[in-house]
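Enquirer: For reference, this is my_file_3.pdb, and it has PDB, C-alpha atoms and all ligand atoms.
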ATOM      1  CA  MET A   1     -67.631   4.878 139.794
ATOM      2  CA  SER A   2     -71.076   3.389 139.429
ATOM      3  CA  GLN A   3     -73.816   3.978 141.979
ATOM      4  CA  GLN A   4     -73.694   1.613 144.952
ATOM      5  CA  VAL A   5     -76.912   0.517 146.634
ATOM      6  CA  TYR A   6     -77.097  -1.062 150.069
ATOM      7  CA  LEU A   7     -79.152  -4.229 149.859
ATOM      8  CA  ASP A   8     -79.568  -6.852 152.503
ATOM      9  CA  GLY A   9     -76.315  -6.191 154.355
ATOM     10  CA  GLN A  10     -73.973  -5.145 151.563
ATOM     11  CA  LEU A  11     -73.206  -2.513 148.973
ATOM     12  CA  VAL A  12     -73.819  -3.710 145.429
ATOM     13  CA  PRO A  13     -73.726  -1.930 142.049
ATOM     14  CA  ALA A  14     -77.123  -0.303 141.344
ATOM     15  CA  GLU A  15     -77.838  -2.594 138.396
ATOM     16  CA  GLU A  16     -77.436  -5.638 140.653
ATOM     17  CA  ALA A  17     -79.671  -4.287 143.420
ATOM     18  CA  LYS A  18     -82.810  -6.367 142.883
ATOM     19  CA  VAL A  19     -85.561  -7.710 145.070
ATOM     20  CA  SER A  20     -87.896 -10.613 144.397
ATOM     21  CA  VAL A  21     -91.170 -10.141 142.520
ATOM     22  CA  PHE A  22     -92.651 -12.123 145.421
ATOM     23  CA  ASP A  23     -91.607  -9.437 147.901
ATOM     24  CA  HIS A  24     -94.681  -8.191 149.739
ATOM     25  CA  GLY A  25     -93.287  -4.678 149.484
ATOM     26  CA  LEU A  26     -94.010  -4.970 145.757
ATOM     27  CA  LEU A  27     -97.099  -7.182 145.934
ATOM     28  CA  TYR A  28     -98.892  -5.235 148.681
ATOM     29  CA  GLY A  29     -96.934  -2.108 149.556
ATOM     30  CA  ASP A  30     -96.108  -3.950 152.766
ATOM     31  CA  GLY A  31     -93.085  -2.178 154.170
ATOM     32  CA  VAL A  32     -91.853   1.164 155.494
ATOM     33  CA  PHE A  33     -89.537   3.892 154.279
ATOM     34  CA  GLU A  34     -87.804   7.193 154.939
ATOM     35  CA  GLY A  35     -86.524  10.037 152.794
ATOM     36  CA  ILE A  36     -83.531  11.856 154.249
ATOM     37  CA  ARG A  37     -81.359  14.761 153.078
ATOM     38  CA  VAL A  38     -77.594  15.008 152.987
ATOM     39  CA  TYR A  39     -76.155  18.500 153.416
ATOM     40  CA  GLY A  40     -72.395  19.004 153.182
ATOM     41  CA  ARG A  41     -71.735  15.262 153.645
ATOM     42  CA  ASN A  42     -73.809  15.286 156.829
ATOM     43  CA  VAL A  43     -76.948  13.129 156.904
ATOM     44  CA  PHE A  44     -79.492  15.564 158.344
ATOM     45  CA  LEU A  45     -81.413  14.395 161.448
ATOM     46  CA  LEU A  46     -80.492  10.796 160.682
ATOM     47  CA  GLU A  47     -81.297   9.545 164.184
ATOM     48  CA  GLU A  48     -84.782  11.054 164.037
ATOM     49  CA  HIS A  49     -85.455   9.435 160.656
ATOM     50  CA  VAL A  50     -84.194   6.053 161.840
ATOM     51  CA  GLU A  51     -86.339   6.328 164.950
ATOM     52  CA  ARG A  52     -89.433   7.053 162.839
ATOM     53  CA  LEU A  53     -88.576   4.141 160.531
ATOM     54  CA  TYR A  54     -88.485   1.727 163.474
ATOM     55  CA  GLU A  55     -91.738   3.201 164.846
ATOM     56  CA  SER A  56     -93.429   2.717 161.459
ATOM     57  CA  ALA A  57     -92.109  -0.856 161.385
ATOM     58  CA  LEU A  58     -93.371  -1.504 164.903
ATOM     59  CA  ALA A  59     -96.806  -0.208 163.937
ATOM     60  CA  ILE A  60     -97.066  -2.714 161.074
ATOM     61  CA  ARG A  61     -95.384  -5.464 163.115
ATOM     62  CA  LEU A  62     -92.403  -5.655 160.813
ATOM     63  CA  GLU A  63     -89.196  -6.718 162.476
ATOM     64  CA  ILE A  64     -86.247  -4.923 160.932
ATOM     65  CA  PRO A  65     -83.353  -7.413 160.745
ATOM     66  CA  ILE A  66     -80.685  -4.963 161.918
ATOM     67  CA  SER A  67     -80.445  -2.642 164.920
ATOM     68  CA  PRO A  68     -81.042   1.120 164.699
ATOM     69  CA  SER A  69     -77.343   1.789 165.267
ATOM     70  CA  ALA A  70     -76.379  -0.654 162.488
ATOM     71  CA  MET A  71     -78.938   1.126 160.268
ATOM     72  CA  ILE A  72     -77.320   4.494 161.006
ATOM     73  CA  THR A  73     -73.907   3.080 160.093
ATOM     74  CA  ALA A  74     -75.297   1.502 156.909
ATOM     75  CA  VAL A  75     -76.797   4.844 155.799
ATOM     76  CA  GLU A  76     -73.543   6.682 156.472
ATOM     77  CA  GLU A  77     -71.535   4.051 154.607
ATOM     78  CA  THR A  78     -73.869   4.209 151.613
ATOM     79  CA  VAL A  79     -73.619   8.005 151.466
ATOM     80  CA  ALA A  80     -69.816   7.832 151.715
ATOM     81  CA  ALA A  81     -69.530   5.073 149.088
ATOM     82  CA  ASN A  82     -71.459   7.224 146.612
ATOM     83  CA  ASN A  83     -69.527  10.425 147.384
ATOM     84  CA  ILE A  84     -72.711  12.328 148.083
ATOM     85  CA  ASP A  85     -72.068  15.896 149.282
ATOM     86  CA  ASP A  86     -75.607  17.191 148.920
ATOM     87  CA  GLY A  87     -78.278  14.682 148.125
ATOM     88  CA  TYR A  88     -81.056  12.447 149.224
ATOM     89  CA  VAL A  89     -81.240   9.035 150.862
ATOM     90  CA  ARG A  90     -84.126   6.649 150.334
ATOM     91  CA  LEU A  91     -84.206   4.054 153.056
ATOM     92  CA  LEU A  92     -86.724   1.245 152.927
ATOM     93  CA  VAL A  93     -87.547  -2.039 154.530
ATOM     94  CA  THR A  94     -89.878  -4.485 152.817
ATOM     95  CA  ARG A  95     -91.736  -7.388 154.387
ATOM     96  CA  GLY A  96     -89.667  -9.775 152.254
ATOM     97  CA  ALA A  97     -90.569 -12.453 149.723
ATOM     98  CA  GLY A  98     -93.545 -14.648 150.497
ATOM     99  CA  THR A  99     -96.483 -16.467 149.037
ATOM    100  CA  LEU A 100     -99.180 -14.810 146.941
ATOM    101  CA  GLY A 101    -101.404 -14.529 150.019
ATOM    102  CA  LEU A 102    -101.465 -11.536 152.372
ATOM    103  CA  ASP A 103    -100.207 -13.364 155.425
ATOM    104  CA  PRO A 104     -96.972 -11.705 156.572
ATOM    105  CA  ARG A 105     -96.081 -14.825 158.582
ATOM    106  CA  ARG A 106     -95.478 -16.538 155.266
ATOM    107  CA  THR A 107     -92.750 -14.144 154.217
ATOM    108  CA  SER A 108     -89.078 -14.236 155.050
ATOM    109  CA  ASN A 109     -86.029 -11.999 154.829
ATOM    110  CA  PRO A 110     -87.263  -8.416 155.042
ATOM    111  CA  GLN A 111     -85.126  -6.460 152.592
ATOM    112  CA  VAL A 112     -83.261  -3.379 153.776
ATOM    113  CA  VAL A 113     -82.517  -1.060 150.852
ATOM    114  CA  ILE A 114     -80.581   2.204 151.027
ATOM    115  CA  ILE A 115     -80.252   4.374 147.939
ATOM    116  CA  ALA A 116     -78.120   7.520 148.069
ATOM    117  CA  ALA A 117     -78.678   9.858 145.156
ATOM    118  CA  THR A 118     -79.045  13.464 144.144
ATOM    119  CA  ILE A 119     -82.398  15.163 144.459
ATOM    120  CA  ALA A 120     -84.620  17.024 142.007
ATOM    121  CA  LEU A 121     -85.795  20.095 143.893
ATOM    122  CA  TYR A 122     -88.722  22.361 143.182
ATOM    123  CA  PRO A 123     -87.729  25.121 140.750
ATOM    124  CA  PRO A 124     -85.890  27.973 142.567
ATOM    125  CA  GLU A 125     -88.535  30.575 141.667
ATOM    126  CA  ILE A 126     -91.064  28.716 143.847
ATOM    127  CA  TYR A 127     -88.838  29.474 146.848
ATOM    128  CA  GLU A 128     -88.775  33.159 145.876
ATOM    129  CA  ASP A 129     -92.391  33.617 144.851
ATOM    130  CA  GLY A 130     -94.229  30.949 146.853
ATOM    131  CA  MET A 131     -96.447  28.117 145.718
ATOM    132  CA  PRO A 132    -100.154  27.997 144.890
ATOM    133  CA  LEU A 133    -102.071  25.039 146.331
ATOM    134  CA  VAL A 134    -105.271  23.265 145.445
ATOM    135  CA  THR A 135    -107.398  21.089 147.732
ATOM    136  CA  ALA A 136    -107.701  17.474 146.609
ATOM    137  CA  SER A 137    -111.042  15.719 146.935
ATOM    138  CA  THR A 138    -109.227  12.547 148.038
ATOM    139  CA  ILE A 139    -109.095  12.726 151.844
ATOM    140  CA  ARG A 140    -106.098  11.560 153.859
ATOM    141  CA  ASN A 141    -106.345   7.967 155.074
ATOM    142  CA  HIS A 142    -108.552   7.507 158.109
ATOM    143  CA  PRO A 143    -106.192   6.908 161.044
ATOM    144  CA  ALA A 144    -108.144   3.781 161.953
ATOM    145  CA  ALA A 145    -107.575   2.395 158.440
ATOM    146  CA  ILE A 146    -103.923   3.138 157.675
ATOM    147  CA  ASN A 147    -102.607   5.632 160.176
ATOM    148  CA  PRO A 148    -100.797   8.421 158.269
ATOM    149  CA  ARG A 149     -98.230   8.431 161.088
ATOM    150  CA  ILE A 150     -96.926   5.202 159.546
ATOM    151  CA  LYS A 151     -94.629   6.009 156.645
ATOM    152  CA  SER A 152     -95.521   2.869 154.744
ATOM    153  CA  LEU A 153     -94.652   1.821 151.216
ATOM    154  CA  ASN A 154     -98.345   2.095 150.423
ATOM    155  CA  TYR A 155     -98.536   5.711 149.234
ATOM    156  CA  LEU A 156    -101.533   5.406 146.922
ATOM    157  CA  ASN A 157    -103.598   7.705 149.124
ATOM    158  CA  ASN A 158    -101.091  10.504 148.538
ATOM    159  CA  ILE A 159    -100.519   9.576 144.901
ATOM    160  CA  LEU A 160    -104.249   9.876 144.127
ATOM    161  CA  ALA A 161    -104.292  13.357 145.650
ATOM    162  CA  LYS A 162    -101.083  14.236 143.829
ATOM    163  CA  ILE A 163    -102.669  13.231 140.505
ATOM    164  CA  GLU A 164    -105.597  15.534 141.228
ATOM    165  CA  GLY A 165    -103.136  18.323 141.926
ATOM    166  CA  THR A 166    -101.015  17.803 138.826
ATOM    167  CA  ASP A 167    -104.129  17.414 136.630
ATOM    168  CA  ALA A 168    -105.209  20.842 137.882
ATOM    169  CA  GLY A 169    -101.719  22.249 137.171
ATOM    170  CA  PHE A 170    -100.386  22.379 140.748
ATOM    171  CA  VAL A 171     -97.182  20.879 142.121
ATOM    172  CA  GLU A 172     -98.681  20.145 145.558
ATOM    173  CA  ALA A 173    -102.211  19.475 146.797
ATOM    174  CA  LEU A 174    -103.786  19.982 150.208
ATOM    175  CA  MET A 175    -105.435  16.971 151.800
ATOM    176  CA  LEU A 176    -108.199  17.165 154.409
ATOM    177  CA  ASN A 177    -108.800  14.495 157.008
ATOM    178  CA  HIS A 178    -111.899  12.379 157.639
ATOM    179  CA  ARG A 179    -113.318  15.207 159.798
ATOM    180  CA  GLY A 180    -112.931  17.737 156.980
ATOM    181  CA  GLU A 181    -110.029  19.463 158.733
ATOM    182  CA  VAL A 182    -106.711  20.330 157.142
ATOM    183  CA  ALA A 183    -104.369  17.354 157.382
ATOM    184  CA  GLU A 184    -101.297  17.916 155.225
ATOM    185  CA  CYS A 185    -100.123  17.982 151.625
ATOM    186  CA  THR A 186     -99.239  14.875 149.625
ATOM    187  CA  GLY A 187     -95.613  15.009 150.776
ATOM    188  CA  ASP A 188     -95.388  18.031 153.094
ATOM    189  CA  ASN A 189     -96.801  19.325 156.375
ATOM    190  CA  VAL A 190     -98.756  22.589 156.551
ATOM    191  CA  PHE A 191     -98.418  25.633 158.828
ATOM    192  CA  ILE A 192    -100.241  28.932 158.980
ATOM    193  CA  VAL A 193     -99.309  32.183 160.692
ATOM    194  CA  ARG A 194    -102.069  34.338 162.173
ATOM    195  CA  ASP A 195    -101.310  37.362 164.364
ATOM    196  CA  ARG A 196     -97.686  36.162 164.619
ATOM    197  CA  ILE A 197     -98.786  32.785 166.078
ATOM    198  CA  LEU A 198     -97.852  29.641 164.158
ATOM    199  CA  LYS A 199    -100.453  26.906 163.888
ATOM    200  CA  THR A 200    -100.170  23.419 162.460
ATOM    201  CA  PRO A 201    -102.366  20.317 162.718
ATOM    202  CA  SER A 202    -101.445  18.029 165.593
ATOM    203  CA  ALA A 203    -100.086  14.524 165.011
ATOM    204  CA  ASP A 204    -103.491  12.999 165.742
ATOM    205  CA  ALA A 205    -105.144  14.963 162.909
ATOM    206  CA  GLY A 206    -104.185  12.138 160.537
ATOM    207  CA  ILE A 207    -100.799  13.358 159.362
ATOM    208  CA  LEU A 208     -97.278  12.113 159.073
ATOM    209  CA  GLU A 209     -95.422  13.763 161.933
ATOM    210  CA  GLY A 210     -92.795  15.353 159.743
ATOM    211  CA  ILE A 211     -89.225  15.625 160.915
ATOM    212  CA  THR A 212     -88.887  18.968 159.140
ATOM    213  CA  ARG A 213     -92.141  20.044 160.845
ATOM    214  CA  ASN A 214     -90.672  19.226 164.240
ATOM    215  CA  ALA A 215     -87.377  20.965 163.432
ATOM    216  CA  VAL A 216     -89.239  24.099 162.288
ATOM    217  CA  ILE A 217     -91.410  24.090 165.431
ATOM    218  CA  GLU A 218     -88.212  23.999 167.465
ATOM    219  CA  LEU A 219     -86.601  26.816 165.443
ATOM    220  CA  ALA A 220     -89.732  28.948 165.826
ATOM    221  CA  ARG A 221     -89.953  28.378 169.578
ATOM    222  CA  GLU A 222     -86.222  29.063 170.028
ATOM    223  CA  SER A 223     -86.766  32.455 168.444
ATOM    224  CA  GLY A 224     -89.596  33.236 170.856
ATOM    225  CA  LYS A 225     -92.590  32.451 168.680
ATOM    226  CA  THR A 226     -95.717  30.680 169.852
ATOM    227  CA  VAL A 227     -96.525  27.476 167.996
ATOM    228  CA  GLN A 228     -99.863  25.757 168.462
ATOM    229  CA  GLU A 229    -100.716  22.246 167.321
ATOM    230  CA  VAL A 230    -104.438  22.655 166.698
ATOM    231  CA  ALA A 231    -107.220  21.624 164.338
ATOM    232  CA  LEU A 232    -107.315  23.837 161.243
ATOM    233  CA  THR A 233    -109.906  24.173 158.506
ATOM    234  CA  ARG A 234    -109.611  25.606 155.014
ATOM    235  CA  HIS A 235    -111.193  28.762 156.475
ATOM    236  CA  ASP A 236    -108.106  29.189 158.681
ATOM    237  CA  ILE A 237    -105.869  29.004 155.608
ATOM    238  CA  PHE A 238    -108.011  31.450 153.609
ATOM    239  CA  THR A 239    -107.871  33.957 156.472
ATOM    240  CA  ALA A 240    -104.240  33.371 157.493
ATOM    241  CA  ASP A 241    -101.560  36.053 157.261
ATOM    242  CA  GLU A 242     -99.077  33.480 155.969
ATOM    243  CA  CYS A 243     -98.977  29.820 155.077
ATOM    244  CA  PHE A 244     -96.040  27.513 154.420
ATOM    245  CA  LEU A 245     -95.130  23.870 153.928
ATOM    246  CA  THR A 246     -92.329  21.810 155.443
ATOM    247  CA  GLY A 247     -90.781  18.574 154.233
ATOM    248  CA  THR A 248     -87.499  16.816 153.664
ATOM    249  CA  ALA A 249     -87.529  17.535 149.929
ATOM    250  CA  ALA A 250     -89.315  20.911 150.050
ATOM    251  CA  GLU A 251     -87.557  22.229 153.209
ATOM    252  CA  VAL A 252     -89.647  25.351 154.009
ATOM    253  CA  ILE A 253     -91.730  26.782 151.195
ATOM    254  CA  ALA A 254     -94.306  29.584 151.204
ATOM    255  CA  VAL A 255     -97.884  28.978 150.069
ATOM    256  CA  ILE A 256     -99.448  32.037 148.435
ATOM    257  CA  SER A 257    -102.903  30.784 147.494
ATOM    258  CA  LEU A 258    -105.349  27.968 148.072
ATOM    259  CA  ASP A 259    -108.000  27.055 145.512
ATOM    260  CA  GLY A 260    -107.422  30.349 143.741
ATOM    261  CA  ARG A 261    -107.847  32.449 146.883
ATOM    262  CA  VAL A 262    -104.873  34.630 147.772
ATOM    263  CA  ILE A 263    -103.439  34.081 151.263
ATOM    264  CA  GLY A 264    -102.272  37.226 153.115
ATOM    265  CA  SER A 265    -100.256  39.511 150.846
ATOM    266  CA  GLY A 266     -99.963  36.831 148.148
ATOM    267  CA  LYS A 267     -96.202  36.776 148.684
ATOM    268  CA  PRO A 268     -93.987  34.784 151.056
ATOM    269  CA  GLY A 269     -94.596  36.469 154.431
ATOM    270  CA  PRO A 270     -91.978  37.771 156.884
ATOM    271  CA  ILE A 271     -92.227  34.916 159.384
ATOM    272  CA  THR A 272     -92.091  32.338 156.596
ATOM    273  CA  ARG A 273     -88.997  34.044 155.180
ATOM    274  CA  GLU A 274     -87.375  34.158 158.597
ATOM    275  CA  LEU A 275     -87.977  30.426 159.114
ATOM    276  CA  MET A 276     -86.768  29.613 155.596
ATOM    277  CA  GLN A 277     -83.507  31.383 156.469
ATOM    278  CA  LYS A 278     -83.215  29.755 159.892
ATOM    279  CA  PHE A 279     -83.772  26.341 158.337
ATOM    280  CA  ARG A 280     -81.165  27.066 155.655
ATOM    281  CA  ASP A 281     -78.679  28.057 158.362
ATOM    282  CA  LEU A 282     -79.434  24.874 160.294
ATOM    283  CA  THR A 283     -78.968  22.591 157.306
ATOM    284  CA  ARG A 284     -76.015  24.419 155.784
ATOM    285  CA  GLY A 285     -74.222  24.397 159.125
ATOM    286  CA  LYS A 286     -74.295  28.015 160.330
TER     287      LYS A 286
HETATM  288  N1  LIG A 301     -96.344  14.349 154.973
HETATM  289  C1  LIG A 301     -96.179  13.333 154.119
HETATM  290  C2  LIG A 301     -97.375  12.592 153.656
HETATM  291  C3  LIG A 301     -94.892  12.996 153.675
HETATM  292  O1  LIG A 301     -94.714  11.988 152.816
HETATM  293  C4  LIG A 301     -93.787  13.734 154.136
HETATM  294  C5  LIG A 301     -92.398  13.375 153.722
HETATM  295  N2  LIG A 301     -92.183  13.470 152.354
HETATM  296  C6  LIG A 301     -94.027  14.811 155.017
HETATM  297  C7  LIG A 301     -95.312  15.068 155.431
HETATM  298  C8  LIG A 301     -92.897  15.627 155.542
HETATM  299  O2  LIG A 301     -92.172  14.859 156.476
HETATM  300  P1  LIG A 301     -90.602  15.056 156.664
HETATM  301  O3  LIG A 301     -90.420  16.452 157.118
HETATM  302  O4  LIG A 301     -90.236  14.063 157.701
HETATM  303  O5  LIG A 301     -89.975  14.809 155.343
END
Render the structure in this file as structure tokens.

Expert:
Amino acid sequence: MSQQVYLDGQLVPAEEAKVSVFDHGLLYGDGVFEGIRVYGRNVFLLEEHVERLYESALAIRLEIPISPSAMITAVEETVAANNIDDGYVRLLVTRGAGTLGLDPRRTSNPQVVIIAATIALYPPEIYEDGMPLVTASTIRNHPAAINPRIKSLNYLNNILAKIEGTDAGFVEALMLNHRGEVAECTGDNVFIVRDRILKTPSADAGILEGITRNAVIELARESGKTVQEVALTRHDIFTADECFLTGTAAEVIAVISLDGRVIGSGKPGPITRELMQKFRDLTRGK
């Protein structure tokens, strides 16, 4: 059976799922999105993702044409229609087709698109050996310009940093904020471990408040660890015992160096490994 895409209220064959070239999602990156994982037919933390989608939409004053509960049903139906056991859902809402001017009042019919597919993961050895990181010179968007808490269709800020990373031969790049502090990576949040205490930038550091981040904070606290949401600098990463990333696609992944400087032992640390396992158990239903 061919891939079915949810578009504007119904499932259609992928090749028929088309939006207008006048859609402001295309013309201006005016819209919001989510990336969600499916594990064993279960859409992981779907309510949290839908909540963030509606918050992003609220922040850009985009009215989503269906209710959050109808959105949840639509995602589940799309996953079921495509027989996805383990995969990835891309959920997006565009501003809709309009004129060639910016004015969102002159658009109509925001498009809701749900794509359920399989996912290309990082190579397995990265999970065993950890990942080296490089700092991008492109800083994360200033929160007073485009707040990184909004998961908008305009991802050029991250893409520019990603290009710097891939040009330098890295799969992820660290982004600093406008204050020079650690913000996050191009598609992942950052944690360090120092003296058994976990630290990660707070939501107001100019980051996307990751759903994996929040799940990992909860797992860490449940197992008695202290987690602090504090400002971090590159110095804190260089001198950390451990460092790891979290994200829907990445899950939990160890970072073993930054800008050529080895972090801790240079191998995935014990607390990182413990949280990788706990996250695996959570997603694979143990
Ligand atoms: N930061 C950015 C910039 C992201 O795009 C993402 C999602 N890919 C994350 C962090 C991680 O968020 P989540 O755990 O919700 O996937």

Enquirer: Quick one: residues within 9 Å of Ser108 (chain A), only C-alpha atoms, excluding same-chain residues fewer than 6 positions away - as a count of residues only?

Expert: 5

Enquirer: List as a list in words the protein and nucleic acid residues near region 59-74 of chain A, meaning an atom at most 8 Å away when all atoms listed in the file are counted, but skip any in the same chain fewer than 2 places from it.

Expert: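 These residues fall inside the cut-off: Tyr6, Gly31, Leu46, Glu47, Val50, Glu51, Tyr54, Glu55, Ser56, Ala57, Glu76, Glu77, Thr78, Val93, Arg95, Asn109, Pro110, Val112, Ile114 and Ile150 of chain A.
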
Enquirer: Using the chain letters and numbers from the file, give me the residues hit by the PyMOL selection byres (((chain A and resi 117-131) around 10) and not hetatm), as an mmCIF file with C-alpha atoms, keeping the file's coordinate frame.

Expert:
data_model
loop_
_atom_site.group_PDB
_atom_site.id
_atom_site.type_symbol
_atom_site.label_atom_id
_atom_site.label_comp_id
_atom_site.auth_asym_id
_atom_site.auth_seq_id
_atom_site.Cartn_x
_atom_site.Cartn_y
_atom_site.Cartn_z
ATOM 1 C CA GLN A 3 -73.816 3.978 141.979
ATOM 2 C CA GLN A 4 -73.694 1.613 144.952
ATOM 3 C CA VAL A 5 -76.912 0.517 146.634
ATOM 4 C CA ARG A 37 -81.359 14.761 153.078
ATOM 5 C CA VAL A 38 -77.594 15.008 152.987
ATOM 6 C CA THR A 78 -73.869 4.209 151.613
ATOM 7 C CA VAL A 79 -73.619 8.005 151.466
ATOM 8 C CA ASN A 82 -71.459 7.224 146.612
ATOM 9 C CA ASN A 83 -69.527 10.425 147.384
ATOM 10 C CA ILE A 84 -72.711 12.328 148.083
ATOM 11 C CA ASP A 85 -72.068 15.896 149.282
ATOM 12 C CA ASP A 86 -75.607 17.191 148.920
ATOM 13 C CA GLY A 87 -78.278 14.682 148.125
ATOM 14 C CA TYR A 88 -81.056 12.447 149.224
ATOM 15 C CA VAL A 89 -81.240 9.035 150.862
ATOM 16 C CA ARG A 90 -84.126 6.649 150.334
ATOM 17 C CA ILE A 114 -80.581 2.204 151.027
ATOM 18 C CA ILE A 115 -80.252 4.374 147.939
ATOM 19 C CA ALA A 116 -78.120 7.520 148.069
ATOM 20 C CA PRO A 132 -100.154 27.997 144.890
ATOM 21 C CA LEU A 133 -102.071 25.039 146.331
ATOM 22 C CA PHE A 170 -100.386 22.379 140.748
ATOM 23 C CA VAL A 171 -97.182 20.879 142.121
ATOM 24 C CA GLU A 172 -98.681 20.145 145.558
ATOM 25 C CA CYS A 243 -98.977 29.820 155.077
ATOM 26 C CA PHE A 244 -96.040 27.513 154.420
ATOM 27 C CA LEU A 245 -95.130 23.870 153.928
ATOM 28 C CA ALA A 249 -87.529 17.535 149.929
ATOM 29 C CA ALA A 250 -89.315 20.911 150.050
ATOM 30 C CA GLU A 251 -87.557 22.229 153.209
ATOM 31 C CA VAL A 252 -89.647 25.351 154.009
ATOM 32 C CA ILE A 253 -91.730 26.782 151.195
ATOM 33 C CA ALA A 254 -94.306 29.584 151.204
ATOM 34 C CA VAL A 255 -97.884 28.978 150.069
ATOM 35 C CA ILE A 256 -99.448 32.037 148.435
ATOM 36 C CA SER A 257 -102.903 30.784 147.494
ATOM 37 C CA LEU A 258 -105.349 27.968 148.072
ATOM 38 C CA GLY A 266 -99.963 36.831 148.148
ATOM 39 C CA LYS A 267 -96.202 36.776 148.684
ATOM 40 C CA PRO A 268 -93.987 34.784 151.056
ATOM 41 C CA GLY A 269 -94.596 36.469 154.431
ATOM 42 C CA ARG A 273 -88.997 34.044 155.180
ATOM 43 C CA MET A 276 -86.768 29.613 155.596
#

Enquirer: So which one's closest to ligand LIG 301 (chain A), A:Arg149, A:His142, A:Arg261, A:His178? Using only C-alpha atoms and all ligand atoms, please.

Expert: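 For ligand LIG 301 (chain A), the nearest of the candidates is A:Arg149.
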
Enquirer: Please identify the residues whose atoms come within 7 Å of ligand LIG 301 (chain A), using all atoms listed in the file, and report them as a PyMOL selection string.

Expert: chain A and resi 35+158+184-189+207-213+246-249

Enquirer: For CA of Gln10 (chain A) and CA of Leu92 (chain A), quote the distance in Å rounded to one decimal.

Expert: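 Atom-to-atom, CA of Gln10 (chain A) to CA of Leu92 (chain A), that is 14.3 Å.
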
Enquirer: Taking 6 positions as the minimum chain separation for residues in the same chain, which residues sit within 7 Å of Phe33 (chain A) when counting all atoms listed in the file? Answer as an MDAnalysis selection string.

Expert: chainID A and resid 53 91:93 151:153

Enquirer: Can you work out the spacing between CA of Ala145 (chain A) and CA of Thr107 (chain A) in Å, to one decimal?

Expert: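 Computing it gives 22.6 Å between the two atoms.
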
Enquirer: Between A:Leu198, A:Lys225, A:Asp259, A:Ala220, which has the minimum distance to Ala136 (chain A) (counting all atoms listed in the file)?

Expert: A:Asp259

Enquirer: What lies within 8 Å of Ser137 (chain A) using all atoms listed in the file, ignoring chain neighbours under 2 positions off, as a list in words?

Expert: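 Listing them by chain and then by number gives Thr135, Ile139, Ala161, Glu164 and Met175 of chain A.
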
Enquirer: Just to confirm, what's the straight-line distance from CA of Thr226 (chain A) to CA of Ile271 (chain A) in Å (one decimal)?

Expert: 11.8 Å

Enquirer: Around the point (-85.1, 24.7, 162.0) (coordinates from the file), which residues reach within 9 Å if we count all atoms listed in the file? Answer as JSON, numbers by chain.

Expert: {"A": [212, 213, 214, 215, 216, 217, 218, 219, 220, 275, 276, 277, 278, 279, 280, 281, 282, 283]}

Enquirer: Got time to write the residues from that selection, C-alpha atoms, as an mmCIF file, keeping the file's coordinate frame?

Expert:
data_model
loop_
_atom_site.group_PDB
_atom_site.id
_atom_site.type_symbol
_atom_site.label_atom_id
_atom_site.label_comp_id
_atom_site.auth_asym_id
_atom_site.auth_seq_id
_atom_site.Cartn_x
_atom_site.Cartn_y
_atom_site.Cartn_z
ATOM 1 C CA THR A 212 -88.887 18.968 159.140
ATOM 2 C CA ARG A 213 -92.141 20.044 160.845
ATOM 3 C CA ASN A 214 -90.672 19.226 164.240
ATOM 4 C CA ALA A 215 -87.377 20.965 163.432
ATOM 5 C CA VAL A 216 -89.239 24.099 162.288
ATOM 6 C CA ILE A 217 -91.410 24.090 165.431
ATOM 7 C CA GLU A 218 -88.212 23.999 167.465
ATOM 8 C CA LEU A 219 -86.601 26.816 165.443
ATOM 9 C CA ALA A 220 -89.732 28.948 165.826
ATOM 10 C CA LEU A 275 -87.977 30.426 159.114
ATOM 11 C CA MET A 276 -86.768 29.613 155.596
ATOM 12 C CA GLN A 277 -83.507 31.383 156.469
ATOM 13 C CA LYS A 278 -83.215 29.755 159.892
ATOM 14 C CA PHE A 279 -83.772 26.341 158.337
ATOM 15 C CA ARG A 280 -81.165 27.066 155.655
ATOM 16 C CA ASP A 281 -78.679 28.057 158.362
ATOM 17 C CA LEU A 282 -79.434 24.874 160.294
ATOM 18 C CA THR A 283 -78.968 22.591 157.306
#

Enquirer: What would the selection look like, as number ranges by chain, if the PyMOL selection byres (((chain A and resi 242) around 6) and not hetatm) were run on the coordinates I just shared?

Expert: A: 192-193, 240-241, 243, 264, 269

Enquirer: Can you list, as a list in words, the residues that the PyMOL selection byres (((chain A and resi 231) around 7) and not hetatm) selects here?

Expert: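 When the PyMOL selection byres (((chain A and resi 231) around 7) and not hetatm) is applied, the selected residues are Glu181, Pro201, Ser202, Val230, Leu232 and Thr233 of chain A.
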
Enquirer: Within 6 Å of (-100.6, 5.7, 151.7) in the file's own coordinates, which protein, DNA or RNA residues have an atom, counting only C-alpha atoms? List them as a PyMOL selection string.

Expert: chain A and resi 154-158

Enquirer: Give me a file of those residues, with C-alpha atoms, as a short mmCIF file (atom, residue, chain, number, x, y, z; two decimals), in the coordinates of the input.

Expert:
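What landed in again-v9.cif:
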data_model
loop_
_atom_site.label_atom_id
_atom_site.label_comp_id
_atom_site.auth_asym_id
_atom_site.auth_seq_id
_atom_site.Cartn_x
_atom_site.Cartn_y
_atom_site.Cartn_z
CA ASN A 154 -98.34 2.10 150.42
CA TYR A 155 -98.54 5.71 149.23
CA LEU A 156 -101.53 5.41 146.92
CA ASN A 157 -103.60 7.70 149.12
CA ASN A 158 -101.09 10.50 148.54
#

Enquirer: For Glu16 (chain A), which residue out of A:Leu176, A:Ser2, A:Pro104, A:Gly29 is the nearest one, using only C-alpha atoms?

Expert: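 Distance minimum relative to Glu16 (chain A) lands on A:Ser2.
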
Enquirer: Closest to Val190 (chain A) among A:Glu34, A:Glu229, A:Glu222, A:Asp167, using all atoms listed in the file?

Expert: A:Glu229
